[in-house]
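First up is the structure itself, then whatever we jot down about it.
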Amino acid sequence: MEVHFRQAHRGNYRPAMRGQGQIAYLVIHSTAGGGENAESEAVRLAREVVSVSVHYLVDERAVWQAVRESDIAWHCGTRRVYFHPYCRNENSLGIALCSRLRDGRYSIPEETVARAAALVRRLMARYAIPADNVLRHYDVTHKTCPTPFVESAAAWQAFQSRLRADEPAPVSCL
């Protein structure tokens, strides 16, 4: 899988030197507010200071990396209460799936889901992360993100099954 790289603006992440043993979680997000294209989102994170970021952006055509894995993306922090006892920005990688807003509802194209599952499986193997440590942003902070996987428990379960199976089955994410 080819991964394109566009470094996020320094105001959107924290430089660090995390080693392989310091990354224990993968946190899944979805874009909102027009973030339908991974490349354009990577360009926006590089150009603008928005004080948030993810390591990877995925759409149906490509994967873009915006923050190096050794650096800390600002993707699952909160000023409120954490609902997960251990997962934080400092020990996780953030992966955003580009979503579509149609008729007032967010959806994630099947091709994006498939590409994201392949990326997540690769990262799980690289960092020896078990499938149980692949979380939704919702699981960490209770933010409704990734919206389609929060609104549909079946869609989230189907995505998780792709992470455990040798041959992932197609997922329909409404």
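Residue numbers start at 1 in each chain; chains themselves are named A, B, ... in the order of the structure tokens; ligands are numbered from 1 in the order shown.
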Report as a Markdown table the residues of range 57-97 of chain A within 12 Å of range 133-152 of chain A, each with its shortest atom pair and distance in Å (one decimal), using only C-alpha atoms, ordered by chain and increasing residue number.
| residue | atom | partner | partner_atom | distance |
| --- | --- | --- | --- | --- |
| A:Trp74 | CA | A:His137 | CA | 11.8 |
| A:His75 | CA | A:His137 | CA | 8.1 |
| A:Cys76 | CA | A:His137 | CA | 6.2 |
| A:Gly77 | CA | A:Thr141 | CA | 7.6 |
| A:Thr78 | CA | A:Thr141 | CA | 6.7 |
| A:Arg79 | CA | A:Thr141 | CA | 9.6 |
| A:Arg80 | CA | A:Thr141 | CA | 8.1 |
| A:Val81 | CA | A:Thr141 | CA | 6.9 |
| A:Tyr82 | CA | A:Thr141 | CA | 5.1 |
| A:Phe83 | CA | A:Val140 | CA | 5.2 |
| A:His84 | CA | A:Val140 | CA | 4.7 |
| A:Pro85 | CA | A:Val140 | CA | 8.1 |
| A:Tyr86 | CA | A:Val140 | CA | 8.7 |
| A:Cys87 | CA | A:Val140 | CA | 6.7 |
| A:Arg88 | CA | A:Val140 | CA | 7.8 |
| A:Asn89 | CA | A:Val140 | CA | 10.2 |
| A:Asn91 | CA | A:Asn133 | CA | 11.0 |
| A:Ser92 | CA | A:Asn133 | CA | 9.4 |
| A:Leu93 | CA | A:Val134 | CA | 9.7 |
| A:Gly94 | CA | A:His137 | CA | 8.8 |
| A:Ile95 | CA | A:Arg136 | CA | 9.7 |
| A:Ala96 | CA | A:Pro146 | CA | 8.1 |
| A:Leu97 | CA | A:Pro146 | CA | 7.9 |
Among listed residues A:Met17, A:Val43, A:Val63, A:Val113, nearest Ser99 in chain A (using only C-alpha atoms):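 Distance minimum relative to Ser99 in chain A lands on A:Val113.
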task: One decimal, Å: what's the distance from CA of Glu2 in chain A over to CA of Ile72 in chain A, could you say?
output: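 Answer for the CA of Glu2 in chain A to CA of Ile72 in chain A separation: 22.0 Å.
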task: Please run DSSP on the backbone and report, as number ranges by chain, all residues within chain A that come out as strand (DSSP E or B).
output: A: 3-5, 13-14, 25-30, 56-58, 63-65, 72-73, 92-97, 100-102, 105-107, 134-136
query: For Tyr106 in chain A, which residue among A:Gln22, A:Ser51, A:Ser30, A:Gln7 is the nearest when counting only C-alpha atoms?
result: A:Ser30
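The list of residues with at least one atom within 8 Å of Arg61 in chain A, based on only C-alpha atoms and without residues fewer than 2 positions apart in the same chain, reads Val58, Asp59, Val63, Glu111 and Thr112 of chain A.
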query: Quick one: of A:Ala117, A:Ala16, A:Ala131, A:Ala8, who's nearest to Ala46 in chain A, counting only C-alpha atoms?
result: A:Ala8
query: So which bits of range 11-85 of chain A end up helix (DSSP H, G or I) when you DSSP the backbone, as a VMD selection string?
result: chain A and resid 11 to 12 20 to 22 38 to 47
Any chance you could export the current selection's N, CA, C and O atoms as an mmCIF file, in the first residue's frame?
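Final file, result.cif:
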data_model
loop_
_atom_site.group_PDB
_atom_site.id
_atom_site.type_symbol
_atom_site.label_atom_id
_atom_site.label_comp_id
_atom_site.auth_asym_id
_atom_site.auth_seq_id
_atom_site.Cartn_x
_atom_site.Cartn_y
_atom_site.Cartn_z
ATOM 1 N N GLY A 11 1.940 23.626 14.388
ATOM 2 C CA GLY A 11 0.918 23.995 15.357
ATOM 3 C C GLY A 11 -0.198 22.978 15.507
ATOM 4 O O GLY A 11 -1.140 23.185 16.266
ATOM 5 N N ASN A 12 -0.096 21.838 14.791
ATOM 6 C CA ASN A 12 -1.153 20.822 14.819
ATOM 7 C C ASN A 12 -0.738 19.500 15.452
ATOM 8 O O ASN A 12 -1.523 18.553 15.460
ATOM 9 N N GLN A 20 8.762 2.200 19.151
ATOM 10 C CA GLN A 20 7.740 1.229 18.792
ATOM 11 C C GLN A 20 6.945 0.746 20.008
ATOM 12 O O GLN A 20 5.742 0.578 19.935
ATOM 13 N N GLY A 21 7.599 0.561 21.137
ATOM 14 C CA GLY A 21 6.921 0.070 22.332
ATOM 15 C C GLY A 21 6.019 1.084 23.002
ATOM 16 O O GLY A 21 5.289 0.742 23.940
ATOM 17 N N GLN A 22 6.031 2.323 22.539
ATOM 18 C CA GLN A 22 5.214 3.360 23.161
ATOM 19 C C GLN A 22 3.861 3.550 22.476
ATOM 20 O O GLN A 22 3.051 4.347 22.933
ATOM 21 N N ALA A 38 -8.623 12.744 1.206
ATOM 22 C CA ALA A 38 -7.469 12.614 2.094
ATOM 23 C C ALA A 38 -6.366 13.608 1.743
ATOM 24 O O ALA A 38 -5.782 14.232 2.633
ATOM 25 N N GLU A 39 -6.084 13.775 0.475
ATOM 26 C CA GLU A 39 -5.022 14.697 0.075
ATOM 27 C C GLU A 39 -5.363 16.130 0.472
ATOM 28 O O GLU A 39 -4.520 16.856 1.022
ATOM 29 N N SER A 40 -6.590 16.564 0.204
ATOM 30 C CA SER A 40 -6.948 17.947 0.546
ATOM 31 C C SER A 40 -6.938 18.163 2.060
ATOM 32 O O SER A 40 -6.572 19.243 2.528
ATOM 33 N N GLU A 41 -7.287 17.142 2.821
ATOM 34 C CA GLU A 41 -7.222 17.254 4.280
ATOM 35 C C GLU A 41 -5.769 17.343 4.740
ATOM 36 O O GLU A 41 -5.441 18.096 5.654
ATOM 37 N N ALA A 42 -4.882 16.568 4.123
ATOM 38 C CA ALA A 42 -3.455 16.631 4.461
ATOM 39 C C ALA A 42 -2.893 18.015 4.127
ATOM 40 O O ALA A 42 -2.116 18.588 4.911
ATOM 41 N N VAL A 43 -3.281 18.552 2.991
ATOM 42 C CA VAL A 43 -2.837 19.892 2.594
ATOM 43 C C VAL A 43 -3.348 20.928 3.595
ATOM 44 O O VAL A 43 -2.610 21.826 4.014
ATOM 45 N N ARG A 44 -4.599 20.799 4.005
ATOM 46 C CA ARG A 44 -5.174 21.741 4.988
ATOM 47 C C ARG A 44 -4.412 21.668 6.308
ATOM 48 O O ARG A 44 -4.085 22.699 6.904
ATOM 49 N N LEU A 45 -4.085 20.457 6.782
ATOM 50 C CA LEU A 45 -3.338 20.310 8.036
ATOM 51 C C LEU A 45 -1.923 20.876 7.912
ATOM 52 O O LEU A 45 -1.344 21.316 8.905
ATOM 53 N N ALA A 46 -1.368 20.859 6.724
ATOM 54 C CA ALA A 46 -0.036 21.411 6.497
ATOM 55 C C ALA A 46 -0.068 22.938 6.423
ATOM 56 O O ALA A 46 0.877 23.608 6.848
ATOM 57 N N ARG A 47 -1.144 23.489 5.919
ATOM 58 C CA ARG A 47 -1.251 24.926 5.656
ATOM 59 C C ARG A 47 -1.800 25.707 6.856
ATOM 60 O O ARG A 47 -1.345 26.804 7.152
#
- prompt: Suppose you want the space between CA of Trp156 in chain A and CA of Arg126 in chain A; what is it in Å?
  reply: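 Going from CA of Trp156 in chain A over to CA of Arg126 in chain A covers 22.4 Å.
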task: Kindly give the distance, in Å, that separates CA of Arg68 in chain A and CA of Thr31 in chain A, rounded to a single decimal.
output: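 Here the two named atoms are 19.2 Å from each other.
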Option closest in space to Tyr25 in chain A, from A:Ala128, A:Ala116, A:Val3, A:Ala155 [counting only C-alpha atoms]: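 So, comparing all the options, the nearest one is A:Ala128.
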Test item: residues at most 6 Å from Tyr56 in chain A, only C-alpha atoms, excluding those fewer than 2 positions along its chain, as a list in words: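 My reading of the contact set: Val54, Trp64, Gln65 and Ile95 of chain A.
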